[in-house]
file entry_3.pdb (PDB, C-alpha atoms, pLDDT in the B column)
ATOM      1  CA  MET A   1       0.000   0.000   0.000  1.00 93.00           C
ATOM      2  CA  LYS A   2       1.122   3.545  -0.671  1.00 96.00           C
ATOM      3  CA  ILE A   3      -0.390   6.919   0.121  1.00 98.00           C
ATOM      4  CA  ARG A   4      -0.487   9.690  -2.458  1.00 98.00           C
ATOM      5  CA  ARG A   5      -2.580  12.736  -3.270  1.00 98.00           C
ATOM      6  CA  ALA A   6      -5.903  11.761  -4.815  1.00 98.00           C
ATOM      7  CA  GLU A   7      -6.204  12.244  -8.558  1.00 97.00           C
ATOM      8  CA  LYS A   8      -9.047  12.758 -11.018  1.00 97.00           C
ATOM      9  CA  LYS A   9      -8.940   9.036 -11.879  1.00 97.00           C
ATOM     10  CA  ASP A  10      -9.914   8.266  -8.253  1.00 98.00           C
ATOM     11  CA  VAL A  11     -13.254  10.111  -8.346  1.00 97.00           C
ATOM     12  CA  GLY A  12     -15.404   7.031  -9.025  1.00 96.00           C
ATOM     13  CA  ARG A  13     -13.828   5.046  -6.214  1.00 97.00           C
ATOM     14  CA  ILE A  14     -14.006   8.043  -3.859  1.00 97.00           C
ATOM     15  CA  ASN A  15     -17.748   8.196  -4.559  1.00 96.00           C
ATOM     16  CA  GLU A  16     -18.104   4.509  -3.643  1.00 96.00           C
ATOM     17  CA  LEU A  17     -16.412   5.088  -0.292  1.00 97.00           C
ATOM     18  CA  LEU A  18     -18.309   8.332   0.335  1.00 96.00           C
ATOM     19  CA  SER A  19     -21.482   6.256  -0.083  1.00 96.00           C
ATOM     20  CA  GLN A  20     -20.289   3.822   2.590  1.00 96.00           C
ATOM     21  CA  VAL A  21     -19.765   6.720   4.999  1.00 95.00           C
ATOM     22  CA  LEU A  22     -23.111   8.279   4.109  1.00 96.00           C
ATOM     23  CA  GLU A  23     -24.969   5.046   4.844  1.00 96.00           C
ATOM     24  CA  ILE A  24     -23.341   4.795   8.292  1.00 95.00           C
ATOM     25  CA  HIS A  25     -24.438   8.356   9.039  1.00 96.00           C
ATOM     26  CA  ALA A  26     -27.922   7.829   7.568  1.00 97.00           C
ATOM     27  CA  LYS A  27     -28.461   4.878   9.916  1.00 96.00           C
ATOM     28  CA  LEU A  28     -27.298   6.958  12.897  1.00 96.00           C
ATOM     29  CA  ARG A  29     -29.125  10.168  11.973  1.00 96.00           C
ATOM     30  CA  PRO A  30     -31.813   9.656   9.313  1.00 97.00           C
ATOM     31  CA  ASP A  31     -33.143  13.089  10.287  1.00 97.00           C
ATOM     32  CA  LEU A  32     -29.933  14.694   8.957  1.00 96.00           C
ATOM     33  CA  PHE A  33     -28.588  12.303   6.288  1.00 97.00           C
ATOM     34  CA  ILE A  34     -30.542  10.952   3.314  1.00 97.00           C
ATOM     35  CA  SER A  35     -29.684   7.386   2.368  1.00 97.00           C
ATOM     36  CA  GLY A  36     -28.763   6.833  -1.277  1.00 96.00           C
ATOM     37  CA  THR A  37     -27.718  10.440  -1.931  1.00 95.00           C
ATOM     38  CA  ARG A  38     -24.309  11.912  -2.693  1.00 93.00           C
ATOM     39  CA  LYS A  39     -22.265  14.370  -0.662  1.00 93.00           C
ATOM     40  CA  TYR A  40     -20.471  15.825  -3.710  1.00 95.00           C
ATOM     41  CA  THR A  41     -20.822  15.864  -7.466  1.00 95.00           C
ATOM     42  CA  ASN A  42     -17.903  14.531  -9.513  1.00 96.00           C
ATOM     43  CA  GLN A  43     -17.013  18.104 -10.436  1.00 97.00           C
ATOM     44  CA  GLU A  44     -16.968  19.136  -6.755  1.00 97.00           C
ATOM     45  CA  ILE A  45     -14.648  16.236  -5.909  1.00 98.00           C
ATOM     46  CA  GLU A  46     -12.338  17.205  -8.770  1.00 98.00           C
ATOM     47  CA  SER A  47     -12.230  20.798  -7.469  1.00 98.00           C
ATOM     48  CA  ILE A  48     -11.503  19.647  -3.911  1.00 98.00           C
ATOM     49  CA  ILE A  49      -8.708  17.354  -5.118  1.00 97.00           C
ATOM     50  CA  ALA A  50      -7.134  20.163  -7.154  1.00 97.00           C
ATOM     51  CA  ASP A  51      -7.117  22.666  -4.270  1.00 97.00           C
ATOM     52  CA  ASP A  52      -3.999  22.687  -2.076  1.00 96.00           C
ATOM     53  CA  HIS A  53      -6.078  24.045   0.831  1.00 97.00           C
ATOM     54  CA  THR A  54      -8.247  20.899   0.729  1.00 98.00           C
ATOM     55  CA  PRO A  55      -5.784  18.059   0.124  1.00 98.00           C
ATOM     56  CA  VAL A  56      -7.231  14.586  -0.289  1.00 98.00           C
ATOM     57  CA  PHE A  57      -4.900  11.693   0.432  1.00 98.00           C
ATOM     58  CA  ALA A  58      -5.494   8.306  -1.172  1.00 98.00           C
ATOM     59  CA  ALA A  59      -4.350   4.958   0.201  1.00 98.00           C
ATOM     60  CA  VAL A  60      -3.906   2.695  -2.814  1.00 97.00           C
ATOM     61  CA  ASP A  61      -3.007  -0.963  -3.212  1.00 96.00           C
ATOM     62  CA  ASP A  62      -0.344  -2.409  -5.527  1.00 95.00           C
ATOM     63  CA  SER A  63      -2.673  -2.053  -8.530  1.00 96.00           C
ATOM     64  CA  ASP A  64      -3.266   1.635  -7.638  1.00 96.00           C
ATOM     65  CA  THR A  65      -6.858   0.962  -6.542  1.00 96.00           C
ATOM     66  CA  LEU A  66      -8.052   3.406  -3.895  1.00 97.00           C
ATOM     67  CA  MET A  67      -8.718   1.559  -0.629  1.00 97.00           C
ATOM     68  CA  GLY A  68      -9.203   4.589   1.606  1.00 98.00           C
ATOM     69  CA  TYR A  69      -9.031   8.362   1.651  1.00 98.00           C
ATOM     70  CA  ALA A  70      -8.647  11.337   3.956  1.00 98.00           C
ATOM     71  CA  PHE A  71     -10.342  14.610   2.946  1.00 98.00           C
ATOM     72  CA  CYS A  72      -8.491  17.415   4.729  1.00 98.00           C
ATOM     73  CA  MET A  73      -8.887  21.173   5.115  1.00 98.00           C
ATOM     74  CA  ILE A  74      -6.135  23.550   6.111  1.00 97.00           C
ATOM     75  CA  LYS A  75      -7.449  26.099   8.573  1.00 95.00           C
ATOM     76  CA  GLU A  76      -5.279  29.204   8.392  1.00 88.00           C
ATOM     77  CA  PRO A  77      -4.585  31.312  11.492  1.00 83.00           C
ATOM     78  CA  VAL A  78      -7.362  33.672  12.508  1.00 80.00           C
ATOM     79  CA  LYS A  79      -6.583  36.935  14.285  1.00 81.00           C
ATOM     80  CA  SER A  80      -8.082  36.860  17.771  1.00 84.00           C
ATOM     81  CA  ASN A  81      -7.626  38.942  20.900  1.00 86.00           C
ATOM     82  CA  ASN A  82      -7.950  36.002  23.261  1.00 90.00           C
ATOM     83  CA  MET A  83      -6.243  33.131  21.416  1.00 85.00           C
ATOM     84  CA  PRO A  84      -2.858  32.681  19.775  1.00 85.00           C
ATOM     85  CA  GLU A  85      -2.777  32.416  15.987  1.00 89.00           C
ATOM     86  CA  PHE A  86      -2.145  28.891  14.728  1.00 90.00           C
ATOM     87  CA  LYS A  87      -2.668  26.829  11.605  1.00 95.00           C
ATOM     88  CA  SER A  88      -4.702  23.642  11.963  1.00 96.00           C
ATOM     89  CA  LEU A  89      -5.476  20.686   9.725  1.00 97.00           C
ATOM     90  CA  TYR A  90      -9.068  19.451   9.871  1.00 97.00           C
ATOM     91  CA  ILE A  91      -9.892  15.915   8.707  1.00 98.00           C
ATOM     92  CA  ASP A  92     -13.284  16.364   7.085  1.00 97.00           C
ATOM     93  CA  ASP A  93     -13.673  12.712   6.189  1.00 95.00           C
ATOM     94  CA  LEU A  94     -11.528   9.599   6.571  1.00 96.00           C
ATOM     95  CA  CYS A  95     -12.776   6.315   5.166  1.00 95.00           C
ATOM     96  CA  VAL A  96     -11.407   2.858   4.522  1.00 96.00           C
ATOM     97  CA  ASP A  97     -13.328   0.488   2.269  1.00 96.00           C
ATOM     98  CA  GLU A  98     -15.462  -1.739   4.500  1.00 92.00           C
ATOM     99  CA  ASP A  99     -13.906  -4.816   2.825  1.00 92.00           C
ATOM    100  CA  ALA A 100     -10.372  -3.664   3.699  1.00 91.00           C
ATOM    101  CA  ARG A 101     -10.840  -2.645   7.331  1.00 87.00           C
ATOM    102  CA  GLY A 102      -8.426  -4.158   9.831  1.00 86.00           C
ATOM    103  CA  GLU A 103      -5.475  -3.900   7.426  1.00 89.00           C
ATOM    104  CA  HIS A 104      -4.078  -0.733   9.084  1.00 94.00           C
ATOM    105  CA  ILE A 105      -5.032   1.456   6.123  1.00 96.00           C
ATOM    106  CA  GLY A 106      -6.780   3.976   8.388  1.00 96.00           C
ATOM    107  CA  SER A 107      -3.839   4.278  10.763  1.00 96.00           C
ATOM    108  CA  SER A 108      -1.462   4.664   7.805  1.00 97.00           C
ATOM    109  CA  LEU A 109      -3.642   7.416   6.347  1.00 97.00           C
ATOM    110  CA  TYR A 110      -3.814   9.127   9.718  1.00 97.00           C
ATOM    111  CA  GLY A 111      -0.035   8.916  10.139  1.00 97.00           C
ATOM    112  CA  HIS A 112       0.453  10.416   6.687  1.00 98.00           C
ATOM    113  CA  VAL A 113      -1.975  13.246   7.457  1.00 98.00           C
ATOM    114  CA  CYS A 114      -0.129  14.028  10.710  1.00 97.00           C
ATOM    115  CA  ALA A 115       3.245  14.040   8.966  1.00 98.00           C
ATOM    116  CA  TYR A 116       1.844  16.377   6.306  1.00 98.00           C
ATOM    117  CA  ALA A 117       0.345  18.663   8.969  1.00 98.00           C
ATOM    118  CA  ARG A 118       3.681  18.884  10.790  1.00 97.00           C
ATOM    119  CA  GLU A 119       5.475  19.560   7.496  1.00 97.00           C
ATOM    120  CA  ILE A 120       3.248  22.549   6.708  1.00 97.00           C
ATOM    121  CA  GLY A 121       3.504  23.964  10.230  1.00 96.00           C
ATOM    122  CA  CYS A 122       0.165  22.992  11.770  1.00 96.00           C
ATOM    123  CA  TYR A 123      -0.328  23.141  15.524  1.00 95.00           C
ATOM    124  CA  ASN A 124      -2.931  20.365  15.613  1.00 96.00           C
ATOM    125  CA  VAL A 125      -5.170  17.977  13.688  1.00 97.00           C
ATOM    126  CA  THR A 126      -8.899  18.043  14.412  1.00 96.00           C
ATOM    127  CA  LEU A 127     -12.002  16.167  13.273  1.00 96.00           C
ATOM    128  CA  ASN A 128     -15.618  15.533  14.216  1.00 96.00           C
ATOM    129  CA  VAL A 129     -17.212  12.169  15.004  1.00 95.00           C
ATOM    130  CA  TRP A 130     -20.977  11.721  14.986  1.00 95.00           C
ATOM    131  CA  GLU A 131     -22.392  10.495  18.266  1.00 94.00           C
ATOM    132  CA  GLY A 132     -23.198   6.802  17.965  1.00 94.00           C
ATOM    133  CA  ASN A 133     -20.387   6.080  15.485  1.00 95.00           C
ATOM    134  CA  ASP A 134     -18.618   4.061  18.163  1.00 95.00           C
ATOM    135  CA  ALA A 135     -16.215   2.266  15.807  1.00 93.00           C
ATOM    136  CA  ALA A 136     -14.908   5.565  14.413  1.00 94.00           C
ATOM    137  CA  ARG A 137     -14.631   7.100  17.852  1.00 95.00           C
ATOM    138  CA  ALA A 138     -12.689   4.095  19.160  1.00 95.00           C
ATOM    139  CA  PHE A 139     -10.343   4.278  16.156  1.00 95.00           C
ATOM    140  CA  TYR A 140      -9.625   7.974  16.690  1.00 96.00           C
ATOM    141  CA  GLU A 141      -9.098   7.493  20.422  1.00 96.00           C
ATOM    142  CA  GLU A 142      -6.633   4.699  19.593  1.00 95.00           C
ATOM    143  CA  MET A 143      -4.841   7.201  17.337  1.00 94.00           C
ATOM    144  CA  GLY A 144      -4.468   9.520  20.357  1.00 95.00           C
ATOM    145  CA  PHE A 145      -7.330  11.961  19.809  1.00 95.00           C
ATOM    146  CA  LYS A 146      -8.899  13.603  22.857  1.00 95.00           C
ATOM    147  CA  VAL A 147     -12.148  15.520  23.077  1.00 93.00           C
ATOM    148  CA  GLN A 148     -11.475  19.235  22.449  1.00 92.00           C
ATOM    149  CA  LYS A 149     -15.049  20.473  22.726  1.00 91.00           C
ATOM    150  CA  THR A 150     -18.549  19.044  22.593  1.00 90.00           C
ATOM    151  CA  VAL A 151     -21.237  20.264  20.216  1.00 91.00           C
ATOM    152  CA  MET A 152     -24.714  19.775  21.649  1.00 90.00           C
ATOM    153  CA  GLU A 153     -28.149  20.087  20.108  1.00 92.00           C
ATOM    154  CA  LYS A 154     -31.808  20.190  21.008  1.00 92.00           C
ATOM    155  CA  ILE A 155     -34.100  19.144  18.215  1.00 89.00           C
ATOM    156  CA  LEU A 156     -37.153  21.337  18.080  1.00 96.00           C
TER     157      LEU A 156
END

call {"tool": "encode", "arguments": {"input": "entry_3.pdb", "output": "structure tokens"}}
result
Amino acid sequence: MKIRRAEKKDVGRINELLSQVLEIHAKLRPDLFISGTRKYTNQEIESIIADDHTPVFAAVDDSDTLMGYAFCMIKEPVKSNNMPEFKSLYIDDLCVDEDARGEHIGSSLYGHVCAYAREIGCYNVTLNVWEGNDAARAFYEEMGFKVQKTVMEKIL
């Protein structure tokens, strides 16, 4: 397995994995996620891949088939009176094909993302996990993530 930046040729496979993630979220929160839909159009994925502020890393097998991805966003420093300025890397989405889980693809992707974040001068790496997605939460905790803040809601 190797990790590289995602390319236009990966769009179809990225869509397949995005669908796997969507279905997990639709089962957890059918009030917020619509099963069978798409998060991005092909053109949107191509734009995201091409933008250096939203790098997408692809874990590929020996035949260059995408087995997992990490959609990232670089959060540039924001001027604030009460906080220091720092650059952060946000993992918007990390997915490993459900048929390839347990092969350390996710931890390899995460390690690559962290190395990239350090290389570009980021202070931290952040992400969100939907409540109820216990497998994802356990994975991220195993990777060393700690809760930074909690977002709460009251459905009206």

call {"tool": "resolve_selection", "arguments": {"input": "entry_3.pdb", "expression": "the PyMOL selection byres ((chain A and resi 97) around 8)", "output": "PyMOL selection string"}}
result
chain A and resi 17+20+67-68+95-96+98-101

call {"tool": "closest_residue", "arguments": {"input": "entry_3.pdb", "among": "A:Glu131, A:Val60, A:Asp51, A:Tyr140", "to": "Glu153 (chain A)", "atoms": "all atoms listed in the file"}}
result
A:Glu131

call {"tool": "residues_near_point", "arguments": {"input": "entry_3.pdb", "point": "(-23.0, 3.3, 5.0)", "cutoff": "12 Å", "atoms": "only C-alpha atoms", "output": "ChimeraX atom specification"}}
result
/A:15-30,33-38,95-98,133

call {"tool": "closest_residue", "arguments": {"input": "entry_3.pdb", "among": "A:Met83, A:Val125, A:Ala115, A:Ile91", "to": "Val56 (chain A)", "atoms": "all atoms listed in the file"}}
result
A:Ile91

call {"tool": "closest_residue", "arguments": {"input": "entry_3.pdb", "among": "A:Cys72, A:Ala59, A:Val11, A:Ile155", "to": "Ser107 (chain A)", "atoms": "only C-alpha atoms"}}
result
A:Ala59

call {"tool": "residues_around", "arguments": {"input": "entry_3.pdb", "residues": "Glu7 (chain A)", "least_positions_apart": "5", "cutoff": "10 Å", "atoms": "all atoms listed in the file", "output": "list in words"}}
result
Ile45, Glu46, Ile49, Ala50, Val56, Phe57 and Ala58 of chain A

call {"tool": "closest_residue", "arguments": {"input": "entry_3.pdb", "among": "A:Asp31, A:Asp10, A:Asp62, A:Glu85", "to": "Tyr123 (chain A)", "atoms": "only C-alpha atoms"}}
result
A:Glu85

call {"tool": "closest_residue", "arguments": {"input": "entry_3.pdb", "among": "A:Ser80, A:Thr41, A:Thr150, A:Ser88", "to": "Thr126 (chain A)", "atoms": "all atoms listed in the file"}}
result
A:Ser88

call {"tool": "closest_residue", "arguments": {"input": "entry_3.pdb", "among": "A:Ala117, A:Ala135, A:Val151, A:Ile3", "to": "Ile74 (chain A)", "atoms": "only C-alpha atoms"}}
result
A:Ala117
